[in-house]
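Trainee: First the structure, which I've put down as structure tokens, then a few questions once you've had a look.
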Amino acid sequence: MYVCSCFGVTEAQVKKHAEGGACTPRQIASACKAGTDCGSCVRRIQAILGRGACPTREPADRLPALDEAA
């Protein structure tokens, strides 16, 4: 399914870029131009990214303290 009609970017392509580390709409735009023309797909991209397309990160309070990590 197309996410960005302006540049022909599919949902699968957005997910692939997200797996590669692009975890914000701006980073997706840098990777494939989606969201840079008319902008109507930005909310759809946000929804895809919010559904777990990006790797989860540990909350800051669960990361080891700097002195513990060394």
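How things are named: the first chain in the structure tokens is A, the next is B, and so on; residues count from 1 in each chain; ligands count from 1 in the order shown.
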Which residues are close to Gly35 (chain A), i.e. within 8 Å by only C-alpha atoms, leaving aside same-chain residues fewer than 6 positions away? Reply as a tab-separated table (two decimals) with all heavy atoms, in the first residue's frame.

Mentor:
```tsv
chain	number	residue	atom	x	y	z
A	4	CYS	N	3.05	7.40	0.50
A	4	CYS	CA	3.31	8.70	-0.12
A	4	CYS	C	3.07	8.59	-1.63
A	4	CYS	O	3.86	7.95	-2.34
A	4	CYS	CB	4.75	9.13	0.15
A	4	CYS	SG	5.23	10.67	-0.65
A	25	PRO	N	9.51	11.03	11.37
A	25	PRO	CA	9.10	11.40	10.02
A	25	PRO	C	10.19	12.17	9.25
A	25	PRO	O	10.37	11.96	8.06
A	25	PRO	CB	7.86	12.26	10.24
A	25	PRO	CG	7.28	11.72	11.51
A	25	PRO	CD	8.49	11.39	12.36
A	29	ALA	N	11.83	11.06	5.77
A	29	ALA	CA	11.89	11.99	4.64
A	29	ALA	C	13.30	12.07	4.07
A	29	ALA	O	13.47	12.10	2.85
A	29	ALA	CB	11.41	13.38	5.08
A	41	CYS	N	1.05	12.69	3.83
A	41	CYS	CA	1.39	11.35	4.33
A	41	CYS	C	2.09	11.37	5.68
A	41	CYS	O	2.33	10.32	6.27
A	41	CYS	CB	2.25	10.61	3.31
A	41	CYS	SG	3.81	11.44	2.96
A	42	VAL	N	2.42	12.54	6.20
A	42	VAL	CA	3.19	12.62	7.43
A	42	VAL	C	2.48	11.93	8.60
A	42	VAL	O	3.09	11.19	9.35
A	42	VAL	CB	3.56	14.08	7.78
A	42	VAL	CG1	4.23	14.17	9.13
A	42	VAL	CG2	4.47	14.65	6.69
```

Trainee: So which residues touch region 10-21 of chain A within 9 Å, counting only C-alpha atoms, skipping near sequence neighbours fewer than 6 positions away, as a PyMOL selection string?

Mentor: chain A and resi 1-4+27-28+31-32+34+45+48-49+53-55

Trainee: Please produce a file of the residues just selected, as an mmCIF file, in the first residue's frame, where the atoms kept are all heavy atoms.

Mentor:
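Below is the file that was written, selection17.cif:
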```cif
data_model
loop_
_atom_site.group_PDB
_atom_site.id
_atom_site.type_symbol
_atom_site.label_atom_id
_atom_site.label_comp_id
_atom_site.auth_asym_id
_atom_site.auth_seq_id
_atom_site.Cartn_x
_atom_site.Cartn_y
_atom_site.Cartn_z
ATOM 1 N N MET A 1 0.838 -1.170 0.000
ATOM 2 C CA MET A 1 0.000 0.000 0.000
ATOM 3 C C MET A 1 0.894 1.249 0.000
ATOM 4 O O MET A 1 1.885 1.302 0.714
ATOM 5 C CB MET A 1 -0.895 -0.010 1.239
ATOM 6 C CG MET A 1 -1.632 1.283 1.423
ATOM 7 S SD MET A 1 -2.300 1.494 3.071
ATOM 8 C CE MET A 1 -3.961 0.966 2.787
ATOM 9 N N TYR A 2 0.522 2.206 -0.817
ATOM 10 C CA TYR A 2 1.293 3.446 -0.883
ATOM 11 C C TYR A 2 1.004 4.324 0.327
ATOM 12 O O TYR A 2 -0.130 4.499 0.722
ATOM 13 C CB TYR A 2 0.976 4.231 -2.163
ATOM 14 C CG TYR A 2 1.642 3.626 -3.375
ATOM 15 C CD1 TYR A 2 0.928 2.843 -4.261
ATOM 16 C CD2 TYR A 2 2.994 3.838 -3.614
ATOM 17 C CE1 TYR A 2 1.540 2.274 -5.366
ATOM 18 C CE2 TYR A 2 3.617 3.276 -4.709
ATOM 19 C CZ TYR A 2 2.892 2.497 -5.578
ATOM 20 O OH TYR A 2 3.513 1.940 -6.667
ATOM 21 N N VAL A 3 2.069 4.872 0.895
ATOM 22 C CA VAL A 3 1.964 5.833 1.985
ATOM 23 C C VAL A 3 2.079 7.230 1.396
ATOM 24 O O VAL A 3 1.311 8.118 1.728
ATOM 25 C CB VAL A 3 3.080 5.594 3.031
ATOM 26 C CG1 VAL A 3 3.096 6.691 4.066
ATOM 27 C CG2 VAL A 3 2.904 4.245 3.680
ATOM 28 N N CYS A 4 3.047 7.404 0.503
ATOM 29 C CA CYS A 4 3.307 8.701 -0.121
ATOM 30 C C CYS A 4 3.073 8.587 -1.628
ATOM 31 O O CYS A 4 3.860 7.952 -2.338
ATOM 32 C CB CYS A 4 4.751 9.126 0.154
ATOM 33 S SG CYS A 4 5.228 10.673 -0.648
ATOM 34 N N GLN A 27 13.446 11.783 9.567
ATOM 35 C CA GLN A 27 14.463 10.817 9.143
ATOM 36 C C GLN A 27 13.954 9.969 7.977
ATOM 37 O O GLN A 27 14.710 9.642 7.072
ATOM 38 C CB GLN A 27 14.880 9.931 10.314
ATOM 39 C CG GLN A 27 15.665 10.683 11.360
ATOM 40 C CD GLN A 27 15.899 9.873 12.616
ATOM 41 O OE1 GLN A 27 15.155 8.949 12.943
ATOM 42 N NE2 GLN A 27 16.951 10.221 13.346
ATOM 43 N N ILE A 28 12.669 9.628 7.997
ATOM 44 C CA ILE A 28 12.069 8.907 6.872
ATOM 45 C C ILE A 28 12.144 9.781 5.629
ATOM 46 O O ILE A 28 12.498 9.314 4.543
ATOM 47 C CB ILE A 28 10.610 8.491 7.176
ATOM 48 C CG1 ILE A 28 10.561 7.487 8.334
ATOM 49 C CG2 ILE A 28 9.917 7.964 5.942
ATOM 50 C CD1 ILE A 28 11.147 6.123 8.045
ATOM 51 N N ALA A 31 15.460 9.735 4.130
ATOM 52 C CA ALA A 31 15.790 8.447 3.524
ATOM 53 C C ALA A 31 15.119 8.242 2.170
ATOM 54 O O ALA A 31 15.698 7.647 1.272
ATOM 55 C CB ALA A 31 15.410 7.311 4.466
ATOM 56 N N CYS A 32 13.868 8.733 2.015
ATOM 57 C CA CYS A 32 13.128 8.395 0.786
ATOM 58 C C CYS A 32 12.238 9.509 0.248
ATOM 59 O O CYS A 32 11.456 9.264 -0.669
ATOM 60 C CB CYS A 32 12.297 7.136 1.025
ATOM 61 S SG CYS A 32 11.029 7.335 2.290
ATOM 62 N N ALA A 34 9.588 10.774 1.369
ATOM 63 C CA ALA A 34 8.181 10.726 1.778
ATOM 64 C C ALA A 34 7.892 11.849 2.768
ATOM 65 O O ALA A 34 8.620 12.048 3.727
ATOM 66 C CB ALA A 34 7.853 9.379 2.404
ATOM 67 N N ILE A 45 2.832 8.222 8.222
ATOM 68 C CA ILE A 45 4.191 7.820 8.594
ATOM 69 C C ILE A 45 4.324 7.780 10.113
ATOM 70 O O ILE A 45 4.876 6.833 10.669
ATOM 71 C CB ILE A 45 5.242 8.750 7.952
ATOM 72 C CG1 ILE A 45 5.238 8.569 6.444
ATOM 73 C CG2 ILE A 45 6.633 8.510 8.535
ATOM 74 C CD1 ILE A 45 6.011 9.619 5.683
ATOM 75 N N ILE A 48 2.707 4.659 11.381
ATOM 76 C CA ILE A 48 3.527 3.470 11.122
ATOM 77 C C ILE A 48 4.666 3.397 12.141
ATOM 78 O O ILE A 48 4.926 2.341 12.722
ATOM 79 C CB ILE A 48 4.083 3.482 9.686
ATOM 80 C CG1 ILE A 48 2.938 3.303 8.693
ATOM 81 C CG2 ILE A 48 5.135 2.392 9.498
ATOM 82 C CD1 ILE A 48 3.327 3.587 7.254
ATOM 83 N N LEU A 49 5.322 4.507 12.376
ATOM 84 C CA LEU A 49 6.426 4.532 13.327
ATOM 85 C C LEU A 49 5.941 4.252 14.746
ATOM 86 O O LEU A 49 6.650 3.637 15.532
ATOM 87 C CB LEU A 49 7.157 5.875 13.271
ATOM 88 C CG LEU A 49 7.838 6.202 11.949
ATOM 89 C CD1 LEU A 49 8.425 7.603 11.996
ATOM 90 C CD2 LEU A 49 8.892 5.174 11.610
ATOM 91 N N ALA A 53 7.404 0.016 14.289
ATOM 92 C CA ALA A 53 8.318 -0.158 13.166
ATOM 93 C C ALA A 53 9.758 0.132 13.589
ATOM 94 O O ALA A 53 10.686 -0.400 13.025
ATOM 95 C CB ALA A 53 7.923 0.758 12.008
ATOM 96 N N CYS A 54 9.920 0.970 14.596
ATOM 97 C CA CYS A 54 11.249 1.285 15.105
ATOM 98 C C CYS A 54 11.563 0.417 16.298
ATOM 99 O O CYS A 54 10.674 0.065 17.065
ATOM 100 C CB CYS A 54 11.317 2.749 15.540
ATOM 101 S SG CYS A 54 11.411 3.861 14.157
ATOM 102 N N PRO A 55 12.834 0.095 16.466
ATOM 103 C CA PRO A 55 13.206 -0.680 17.651
ATOM 104 C C PRO A 55 12.895 0.112 18.908
ATOM 105 O O PRO A 55 13.032 1.330 18.924
ATOM 106 C CB PRO A 55 14.708 -0.886 17.500
ATOM 107 C CG PRO A 55 15.152 -0.109 16.332
ATOM 108 C CD PRO A 55 13.951 0.428 15.626
#
```

Trainee: Quick one: of A:Cys23, A:Ser40, A:Gly50, A:Lys33, who's nearest to Val9 (chain A), counting only C-alpha atoms?

Mentor: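 Nearest to Val9 (chain A): A:Lys33.
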